[in-house]
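Enquirer: Sharing a structure below in structure tokens format, with a few things to ask.
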Amino acid sequence: MSIEANKAVVQRYLEMWDTGNLDIAEEVLGPDFVDHTRPQQAPGPEGVKENISTFRSGFPDATHTVIHMIGEGDIVAFRFARRGRHKGMFAGFPPTGKEIVLTGADFLRIADGKIVELWSSQDGLNLAQQLGMPIGG
């Protein structure tokens with residue numbers, strides 16, 4: 001596949017996160033998809049669906065802004081900002097009503113038109129601070 005076709009697969013993946021339409025998972029994720037950020041997660045789309053459902057239950061209006069997206073060979077990388085209002089329980093935090101901004105960068109490997117591997121780096125400490133977790137002594 002071309003780099004532009006791979007980027008289109010990644011855009012569709014982001015649409016799944018932005019809309020909560022979990023049917024997209026079968027379209028864009030390989031059956032043996034591996035999320036290297038979550039080694040405890042079983043391979044395949046089901047773990048991703050669960051992660052999206054959990055995140056969207058806390059932030060039902062969350063959307064991504066892609067700041068940069070680049071592709072080379074079978075890898076697409078993008079830097080993002082995900083914004084949403086904290087309206088439900090998330091990671092043990094009751095709803096605050098605050099808008100949060102989570103930033104990060106993902107690297108995805110694509111084979112045969114499907115995402116088969118993900119490496120992600122997100123600023124979880126900043127997210128926890130935005131949700132009210134006391135940091136420091």
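If you're wondering about the labels, chains in the structure tokens are A, B, ... by order shown, residues count from 1 in each chain, ligands from 1 in order shown.
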With a distance cut-off of 7 Å and only C-alpha atoms, select the neighbouring residues of A:Gln122, excluding the residue or stretch itself and same-chain residues fewer than 5 positions from it, and output the selection as JSON, numbers by chain.
Expert: {"A": [103, 104, 105]}
Enquirer: Hey, can you spit out that residue selection with N, CA and C atoms as a PDB file, in the first residue's frame?
Expert:
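Full text of out.pdb as output:
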ATOM      1  N   THR A 103      -1.911  14.868  25.332  1.00  0.00           N
ATOM      2  CA  THR A 103      -1.028  14.914  24.164  1.00  0.00           C
ATOM      3  C   THR A 103      -0.207  13.637  24.094  1.00  0.00           C
ATOM      4  N   GLY A 104       0.228  13.323  22.890  1.00  0.00           N
ATOM      5  CA  GLY A 104       1.046  12.135  22.719  1.00  0.00           C
ATOM      6  C   GLY A 104       1.467  11.945  21.281  1.00  0.00           C
ATOM      7  N   ALA A 105       2.102  10.807  21.058  1.00  0.00           N
ATOM      8  CA  ALA A 105       2.551  10.440  19.720  1.00  0.00           C
ATOM      9  C   ALA A 105       2.384   8.936  19.563  1.00  0.00           C
TER      10      ALA A 105
END
Enquirer: Find the residues around A:Ser57 up to 8 Å (only C-alpha atoms counted), leave out those fewer than 5 positions away in its own chain, and share them as a list in words.
Expert: Lys87, Gly88, Met89 and Phe90 of chain A
Enquirer: In chain A, what's helix (DSSP H, G or I) per DSSP? Answer as a PyMOL selection string?
Expert: chain A and resi 3-19+24-28+45-58+124-130
Enquirer: In Å, with one decimal, what is the gap from atom CA of A:Asp123 to atom CA of A:Phe107?
Expert: 15.2 Å
Enquirer: May I have the residues within 10 Å of A:Ala5 as a ChimeraX atom specification, using only C-alpha atoms and disregarding those fewer than 6 positions away in the same chain?
Expert: /A:11,110,113
Enquirer: Excluding A:Ile52 and any residue of its chain fewer than 2 positions from it, enumerate the residues within 9 Å of it, using only C-alpha atoms, and give them as a short mmCIF file (atom, residue, chain, number, x, y, z; two decimals) with all heavy atoms, in the first residue's frame.
Expert:
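The resulting file, part-v2.cif, is shown below:
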data_model
loop_
_atom_site.label_atom_id
_atom_site.label_comp_id
_atom_site.auth_asym_id
_atom_site.auth_seq_id
_atom_site.Cartn_x
_atom_site.Cartn_y
_atom_site.Cartn_z
N MET A 16 -12.57 6.15 14.68
CA MET A 16 -13.15 5.20 15.64
C MET A 16 -13.04 5.76 17.06
O MET A 16 -14.00 5.70 17.83
CB MET A 16 -12.41 3.86 15.51
CG MET A 16 -12.88 2.80 16.48
SD MET A 16 -12.11 1.18 16.18
CE MET A 16 -10.36 1.54 16.32
N TRP A 17 -11.90 6.31 17.42
CA TRP A 17 -11.73 6.91 18.75
C TRP A 17 -12.64 8.12 18.93
O TRP A 17 -13.20 8.33 19.99
CB TRP A 17 -10.27 7.31 18.97
CG TRP A 17 -9.40 6.18 19.42
CD1 TRP A 17 -8.68 5.33 18.63
CD2 TRP A 17 -9.18 5.78 20.76
NE1 TRP A 17 -8.02 4.43 19.42
CE2 TRP A 17 -8.30 4.68 20.73
CE3 TRP A 17 -9.63 6.26 22.00
CZ2 TRP A 17 -7.87 4.04 21.89
CZ3 TRP A 17 -9.18 5.62 23.15
CH2 TRP A 17 -8.32 4.52 23.09
N GLY A 20 -16.52 6.67 18.67
CA GLY A 20 -16.93 5.50 19.45
C GLY A 20 -17.55 4.41 18.60
O GLY A 20 -18.07 3.43 19.12
N LEU A 22 -17.32 1.34 17.19
CA LEU A 22 -16.43 0.20 17.34
C LEU A 22 -16.46 -0.76 16.15
O LEU A 22 -15.57 -1.61 16.02
CB LEU A 22 -16.76 -0.54 18.63
CG LEU A 22 -16.63 0.31 19.90
CD1 LEU A 22 -16.98 -0.51 21.13
CD2 LEU A 22 -15.26 0.95 20.03
N GLY A 47 -9.38 -5.74 22.60
CA GLY A 47 -8.77 -4.88 23.62
C GLY A 47 -8.88 -3.41 23.27
O GLY A 47 -9.10 -2.57 24.14
N VAL A 48 -8.73 -3.10 21.99
CA VAL A 48 -8.85 -1.71 21.54
C VAL A 48 -10.28 -1.23 21.74
O VAL A 48 -10.51 -0.11 22.23
CB VAL A 48 -8.43 -1.56 20.06
CG1 VAL A 48 -8.63 -0.14 19.58
CG2 VAL A 48 -6.99 -2.00 19.88
N LYS A 49 -11.24 -2.07 21.40
CA LYS A 49 -12.64 -1.70 21.59
C LYS A 49 -12.91 -1.39 23.07
O LYS A 49 -13.60 -0.43 23.40
CB LYS A 49 -13.56 -2.83 21.13
CG LYS A 49 -13.59 -3.05 19.64
CD LYS A 49 -14.51 -4.23 19.33
CE LYS A 49 -14.55 -4.59 17.90
NZ LYS A 49 -15.46 -5.74 17.65
N GLU A 50 -12.36 -2.22 23.95
CA GLU A 50 -12.54 -2.00 25.38
C GLU A 50 -11.90 -0.69 25.83
O GLU A 50 -12.50 0.08 26.59
CB GLU A 50 -11.93 -3.17 26.16
CG GLU A 50 -12.19 -3.12 27.64
CD GLU A 50 -11.63 -4.33 28.35
OE1 GLU A 50 -11.84 -5.45 27.86
OE2 GLU A 50 -10.98 -4.13 29.39
N THR A 54 -13.94 2.45 27.43
CA THR A 54 -13.57 2.98 28.75
C THR A 54 -13.26 4.47 28.67
O THR A 54 -13.75 5.26 29.48
CB THR A 54 -12.36 2.21 29.31
OG1 THR A 54 -12.72 0.84 29.47
CG2 THR A 54 -11.91 2.78 30.64
N PHE A 55 -12.46 4.84 27.68
CA PHE A 55 -12.10 6.26 27.55
C PHE A 55 -13.33 7.10 27.26
O PHE A 55 -13.55 8.14 27.88
CB PHE A 55 -11.04 6.46 26.47
CG PHE A 55 -10.52 7.87 26.45
CD1 PHE A 55 -9.54 8.27 27.34
CD2 PHE A 55 -11.04 8.80 25.57
CE1 PHE A 55 -9.09 9.59 27.35
CE2 PHE A 55 -10.59 10.11 25.57
CZ PHE A 55 -9.60 10.50 26.47
N ARG A 56 -14.16 6.65 26.33
CA ARG A 56 -15.32 7.44 25.93
C ARG A 56 -16.39 7.48 27.02
O ARG A 56 -17.19 8.41 27.05
CB ARG A 56 -15.89 6.94 24.61
CG ARG A 56 -14.89 7.25 23.45
CD ARG A 56 -15.52 7.15 22.11
NE ARG A 56 -16.57 8.12 21.93
CZ ARG A 56 -16.38 9.41 21.62
NH1 ARG A 56 -15.17 9.90 21.48
NH2 ARG A 56 -17.40 10.22 21.46
N SER A 57 -16.41 6.52 27.95
CA SER A 57 -17.36 6.62 29.06
C SER A 57 -16.96 7.77 29.98
O SER A 57 -17.83 8.39 30.59
CB SER A 57 -17.44 5.30 29.83
OG SER A 57 -16.25 5.04 30.52
#
Enquirer: Mind giving me the straight-line distance from atom CA of A:Gly44 to atom CA of A:His68 in Å, one decimal?
Expert: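 Rounded to one decimal, the two atoms are 26.6 Å apart.
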Enquirer: Quick one: residues within 8 Å of A:Pro43, only C-alpha atoms, excluding same-chain residues fewer than 3 positions away - as a PyMOL selection string?
Expert: chain A and resi 31-35+46-47
Enquirer: What gap, in Å, lies between atom CA of A:Ile100 and atom CA of A:Gly84?
Expert: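 Value for the atom CA of A:Ile100-atom CA of A:Gly84 distance: 5.6 Å.
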Enquirer: Near A:Phe78, counting only C-alpha atoms, which residues have an atom at most 12 Å away, once you skip same-chain residues fewer than 6 positions from it, shown as a VMD selection string?
Expert: chain A and resid 7 10 to 11 14 64 to 72 103 to 109 118 to 122
Enquirer: Write out as number ranges by chain all residues of stretch 46-119 of chain A that DSSP puts in strand (DSSP E) for this structure's backbone.
Expert: A: 63-72, 75-85, 99-111, 114-119
Enquirer: Which polymer residues have any atom within 9 Å of an atom of A:Asn126, counting only C-alpha atoms, with same-chain residues fewer than 5 positions away left out, as a VMD selection string?
Expert: chain A and resid 101 to 103 131
